[in-house]
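Report on one structure; see the data block that follows.
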Amino acid sequence: NRQIVLKNYVNGFPKESDMILESSATINLKLPEGCDNAVLVKNLYLSCDPYMRMRMTVTEGAYFEPFTPGLPLQGYGVSKVVDSRLSNFKKGDLVWGETGWEEYSIISPPKTLFKIQHTDVPLSYYTGILGMAGMTAYVGFYEICAPKKGEYVFVSAAAGAVGQLVGQFAKLLGCYVVGSAGTKEKVDLLKNKYGFDEAFNYKEEKDLTAALKRYFPDGIDIYFENVGGKMLEAVLSNMRLYGRIAACGMISQYNLEQGDGVSNLVFMVTKRLRMQGFIIGDHYDMYPKYLEMIIPLIKQGKICYVEDFEEGLENAPAALIGLFSGKNVGKQVVVLARE
Ligand code: NDP
């Protein structure tokens with residue numbers, strides 16, 4: 001059983017060498033005796049997610065456990081059940097949820113593991129649009145932002161796993177949507193594939209406040225926050241009265257020893273803003289409702305989803321750290337096996 005193991009806790013930007021590919025004893029395709037309340041799965045697709053960086057460090061007050069050096073990383077994936085001691089999972093079932101960065105995993109007990117019901121869509125979608133990233137876009141936009149038709153919406157890291165969906169949801173609702181991303185290729189995708197009204201490369205802007213002013217002369221009603229730091233600062237001064245900010249993530253901060261201080265917070269008061277953080281793990285009860293909405297939209301071609309595939313477990317560390325330099329175009333997936 002090949003595994004990607006964390007070598008040691010990480011400081012600063014993660015490197016490929018922070019993770020090691022190890023081979024452990026050959027896997028027995030039966031759950032061992034005494035391993036009740038568990039499933040044994042073969043992992044097919046692994047999801048690369050920015051929050052995994054936070055689990056590579058011991059973080060005070062975190063909502064997750066840090067990874068254990070010497071053990072495989074944990075993350076989301078799509079898997080096939082090989083053996084099960086639980087009545088709700090049986091051999092041959094396809095599932096998505098939390099698993100290990102390895103070829104086979106014993107999940108005991110499965111806390112976040114969903115049986116896949118719709119198999120007439122790409123299976124890899126369950127690492128993205130039909131999995132955790134999709135739920136994040138859905139809950140973050142519809143529940144946290146409380147959007148209304150015609151509102152002005154700004155999305156950062158807009159070409160990523162979550163952002164591309166937030167923009168499309170906002171367009172479907174009839175909002176004006178602008179996204180920021182870090183390359184020309186991504187900016188083109190935002191405008192020409194996902195249907196954002198406007199998009200810009202934040203790396204080419206000397207003055208982010210002025211850039212936002214250019215696209216939102218009347219201000220921003222809703223900011224879907226994925227990056228934090230300087231972008232948040234610039235957004236605060238461009239928000240409209242009673243604007244809402246969904247604090248989904250702040251990727252620009254995850255590799256810093258000390259977070260950037262954000263100025264302009266006084267606008268929270270003067271513009272009567274509401275900013276709310278959320279963690280998607282608290283909202284999986286809404287998954288069936290989300291599927292009801294999203295499956296028809298996918299089938300009718302009203303929503304598209306771009307994925308970036310890396311082949312092979314040995315290439316998973318590079319794929320994961322690529323999130324922090326913007327190497328991924330769309331949802332970063334690692335393919336271990338297709339069935
Ligand atoms: P993405 O697919 O968007 O990948 C990350 C992207 O972030 C990169 O491609 C890069 O794009 C951008 N980026 C990296 N470093 C920086 C930086 N320093 N400044 C600005 N942009 C940067 O990831 P996801 O869509 O999976 O995640 C987006 C955000 O949502 C993250 O902050 C993540 O932590 C958060 N999240 C939160 C969840 C929750 O429960 N609250 C659940 C899932 C995700 P570019 O080329 O544009 O720079």
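Following the order of the structure tokens, first chain is A, next is B, and so on, with residues numbered from 1 inside each chain and ligands from 1 in the order they appear.
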
Can you pull out every residue within 9 Å of region 5-12 of chain A, counting only C-alpha atoms, but drop anything in the same chain fewer than 2 positions away, and send it as a PDB file with C-alpha atoms, in the first residue's frame?
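Written output follows (part.pdb):
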```
ATOM      1  CA  GLN A   3       1.147   6.241   1.028  1.00  0.00           C
ATOM      2  CA  PRO A  14       5.178  23.670   2.022  1.00  0.00           C
ATOM      3  CA  LYS A  15       7.700  21.819  -0.157  1.00  0.00           C
ATOM      4  CA  SER A  17      10.124  17.184   0.429  1.00  0.00           C
ATOM      5  CA  ASP A  18       7.793  17.795   3.406  1.00  0.00           C
ATOM      6  CA  MET A  19       5.933  14.718   2.197  1.00  0.00           C
ATOM      7  CA  ILE A  20       7.375  11.278   1.471  1.00  0.00           C
ATOM      8  CA  LEU A  21       6.072   8.419  -0.646  1.00  0.00           C
ATOM      9  CA  GLU A  22       6.288   5.227   1.413  1.00  0.00           C
ATOM     10  CA  ARG A  53      -1.722  23.106   4.674  1.00  0.00           C
ATOM     11  CA  ARG A  55      -3.171  20.571   9.176  1.00  0.00           C
ATOM     12  CA  MET A  56       0.583  20.406   8.456  1.00  0.00           C
ATOM     13  CA  THR A  57       1.184  22.680  11.446  1.00  0.00           C
ATOM     14  CA  VAL A  58      -0.061  22.598  15.015  1.00  0.00           C
ATOM     15  CA  PRO A  66      -3.068  18.392  12.819  1.00  0.00           C
ATOM     16  CA  PHE A  67      -1.680  15.544  10.695  1.00  0.00           C
ATOM     17  CA  THR A  68       0.669  13.197  12.508  1.00  0.00           C
ATOM     18  CA  PRO A  69       4.239  13.144  11.173  1.00  0.00           C
ATOM     19  CA  GLY A  70       5.022   9.624   9.973  1.00  0.00           C
ATOM     20  CA  LEU A  71       1.405   8.897   9.053  1.00  0.00           C
ATOM     21  CA  PRO A  72      -0.406   9.434   5.737  1.00  0.00           C
ATOM     22  CA  LEU A  73      -2.067  12.773   5.041  1.00  0.00           C
ATOM     23  CA  TRP A 101      -3.533   9.820   0.948  1.00  0.00           C
ATOM     24  CA  GLU A 102      -2.771   6.212   0.079  1.00  0.00           C
ATOM     25  CA  TYR A 254      -1.890  29.999   5.398  1.00  0.00           C
ATOM     26  CA  ASN A 255       1.881  29.958   4.892  1.00  0.00           C
ATOM     27  CA  LEU A 256       2.649  33.027   7.006  1.00  0.00           C
ATOM     28  CA  GLU A 257       4.085  32.677  10.510  1.00  0.00           C
TER      29      GLU A 257
END
```

Self-check item: Env. residues ligand 1 / 6 Å / only C-alpha atoms and all ligand atoms / as number ranges by chain
Solution: A: 49-51, 133, 136, 157, 160-163, 181-183, 226-227, 248-252, 278-280, 323-328, 330-331

Please produce, as CSV, a per-residue contact table for region 169-286 of chain A versus region 304-318 of chain A (criterion: any atom at most 10 Å away, only C-alpha atoms considered), showing the nearest atom pair and its distance in Å to one decimal, sorted by chain then residue number.
```
residue,atom,partner,partner_atom,distance
A:Leu189,CA,A:Val306,CA,9.4
A:Lys193,CA,A:Cys304,CA,8.0
A:Tyr194,CA,A:Cys304,CA,7.2
```

Quiz item: What's the 10 Å shell around Phe169 (chain A), counting only C-alpha atoms, without same-chain residues fewer than 6 positions away, as JSON, numbers by chain?
Solution: {"A": [137, 138, 141, 142, 163, 175, 177, 194, 302, 303]}

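Nearest residue to Gln164 (chain A) among A:Ile144, A:Gly128, A:Arg338, A:Phe216 is A:Gly128, counting only C-alpha atoms.
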
Quiz item: Which of region 226-310 of chain A counts as helix (DSSP H, G or I) under DSSP, as an NGL selection string please?
Solution: :A and (229-236 or 251-253 or 266-270 or 280-299)

Prev. selection, N, CA and C atoms, output as a CSV table (one decimal), in the first residue's frame:
```
chain,number,residue,atom,x,y,z
A,229,GLY,N,-5.9,39.1,3.4
A,229,GLY,CA,-4.7,40.0,3.3
A,229,GLY,C,-5.1,41.3,2.6
A,230,LYS,N,-4.2,41.7,1.6
A,230,LYS,CA,-4.3,42.9,0.9
A,230,LYS,C,-5.6,43.0,0.1
A,231,MET,N,-6.1,41.9,-0.4
A,231,MET,CA,-7.4,41.9,-1.2
A,231,MET,C,-8.5,42.3,-0.3
A,232,LEU,N,-8.6,41.7,0.9
A,232,LEU,CA,-9.7,42.0,1.8
A,232,LEU,C,-9.6,43.5,2.2
A,233,GLU,N,-8.4,44.0,2.4
A,233,GLU,CA,-8.3,45.4,2.7
A,233,GLU,C,-8.9,46.3,1.6
A,234,ALA,N,-8.5,46.0,0.4
A,234,ALA,CA,-9.0,46.7,-0.8
A,234,ALA,C,-10.5,46.6,-0.9
A,235,VAL,N,-11.0,45.4,-0.6
A,235,VAL,CA,-12.5,45.2,-0.8
A,235,VAL,C,-13.2,46.1,0.3
A,236,LEU,N,-12.7,46.1,1.5
A,236,LEU,CA,-13.4,46.8,2.6
A,236,LEU,C,-13.7,48.2,2.2
A,251,ILE,N,-6.4,32.1,1.7
A,251,ILE,CA,-5.2,31.4,1.4
A,251,ILE,C,-3.9,32.1,1.4
A,252,SER,N,-4.0,33.5,1.3
A,252,SER,CA,-2.8,34.3,1.3
A,252,SER,C,-2.1,34.2,2.7
A,253,GLN,N,-2.9,33.7,3.7
A,253,GLN,CA,-2.4,33.8,5.1
A,253,GLN,C,-1.8,32.4,5.6
A,266,VAL,N,-12.4,49.7,10.0
A,266,VAL,CA,-13.4,50.6,10.4
A,266,VAL,C,-14.5,50.7,9.4
A,267,PHE,N,-14.3,50.3,8.2
A,267,PHE,CA,-15.4,50.3,7.2
A,267,PHE,C,-16.5,49.3,7.6
A,268,MET,N,-16.2,48.3,8.4
A,268,MET,CA,-17.2,47.4,8.9
A,268,MET,C,-18.3,48.2,9.7
A,269,VAL,N,-17.8,49.2,10.4
A,269,VAL,CA,-18.7,50.0,11.2
A,269,VAL,C,-19.4,51.0,10.3
A,270,THR,N,-18.6,51.8,9.6
A,270,THR,CA,-19.2,52.9,8.9
A,270,THR,C,-20.2,52.5,7.8
A,280,ILE,N,-17.5,24.3,6.2
A,280,ILE,CA,-18.5,23.5,5.4
A,280,ILE,C,-18.9,22.2,6.2
A,281,GLY,N,-17.9,21.7,7.0
A,281,GLY,CA,-18.2,20.5,7.7
A,281,GLY,C,-19.5,20.6,8.6
A,282,ASP,N,-19.9,21.9,8.9
A,282,ASP,CA,-21.0,22.1,9.8
A,282,ASP,C,-22.3,22.0,9.0
A,283,HIS,N,-22.3,21.9,7.7
A,283,HIS,CA,-23.5,22.1,6.9
A,283,HIS,C,-23.8,20.9,6.0
A,284,TYR,N,-23.2,19.7,6.2
A,284,TYR,CA,-23.5,18.6,5.3
A,284,TYR,C,-24.9,18.1,5.3
A,285,ASP,N,-25.7,18.5,6.3
A,285,ASP,CA,-27.1,18.2,6.3
A,285,ASP,C,-27.8,18.7,5.0
A,286,MET,N,-27.2,19.8,4.4
A,286,MET,CA,-27.8,20.4,3.2
A,286,MET,C,-27.4,19.7,1.9
A,287,TYR,N,-26.6,18.6,2.1
A,287,TYR,CA,-26.1,18.0,0.8
A,287,TYR,C,-27.2,17.5,-0.1
A,288,PRO,N,-28.2,16.8,0.4
A,288,PRO,CA,-29.3,16.3,-0.5
A,288,PRO,C,-29.9,17.4,-1.2
A,289,LYS,N,-30.2,18.5,-0.5
A,289,LYS,CA,-30.8,19.7,-1.1
A,289,LYS,C,-29.9,20.3,-2.2
A,290,TYR,N,-28.6,20.3,-2.0
A,290,TYR,CA,-27.7,20.8,-3.0
A,290,TYR,C,-27.7,19.9,-4.2
A,291,LEU,N,-27.7,18.6,-4.0
A,291,LEU,CA,-27.7,17.6,-5.1
A,291,LEU,C,-28.9,17.9,-6.0
A,292,GLU,N,-30.0,18.1,-5.3
A,292,GLU,CA,-31.3,18.3,-6.1
A,292,GLU,C,-31.2,19.5,-7.0
A,293,MET,N,-30.4,20.5,-6.5
A,293,MET,CA,-30.3,21.7,-7.4
A,293,MET,C,-29.2,21.5,-8.4
A,294,ILE,N,-28.1,20.9,-8.1
A,294,ILE,CA,-26.9,21.0,-8.9
A,294,ILE,C,-26.9,19.9,-10.0
A,295,ILE,N,-27.5,18.7,-9.8
A,295,ILE,CA,-27.4,17.6,-10.8
A,295,ILE,C,-28.2,18.1,-12.0
A,296,PRO,N,-29.4,18.6,-11.9
A,296,PRO,CA,-30.0,19.1,-13.2
A,296,PRO,C,-29.3,20.2,-13.9
A,297,LEU,N,-28.7,21.1,-13.1
A,297,LEU,CA,-27.9,22.2,-13.7
A,297,LEU,C,-26.7,21.6,-14.5
A,298,ILE,N,-26.1,20.6,-14.0
A,298,ILE,CA,-25.0,20.0,-14.7
A,298,ILE,C,-25.5,19.3,-16.0
A,299,LYS,N,-26.6,18.5,-15.8
A,299,LYS,CA,-27.1,17.8,-17.0
A,299,LYS,C,-27.6,18.7,-18.1
```

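Of the residues listed (A:Val334, A:Gly259, A:His118, A:Glu339), A:Glu339 shows the shortest atom-to-atom separation from Gly92 (chain A); distances use only C-alpha atoms.
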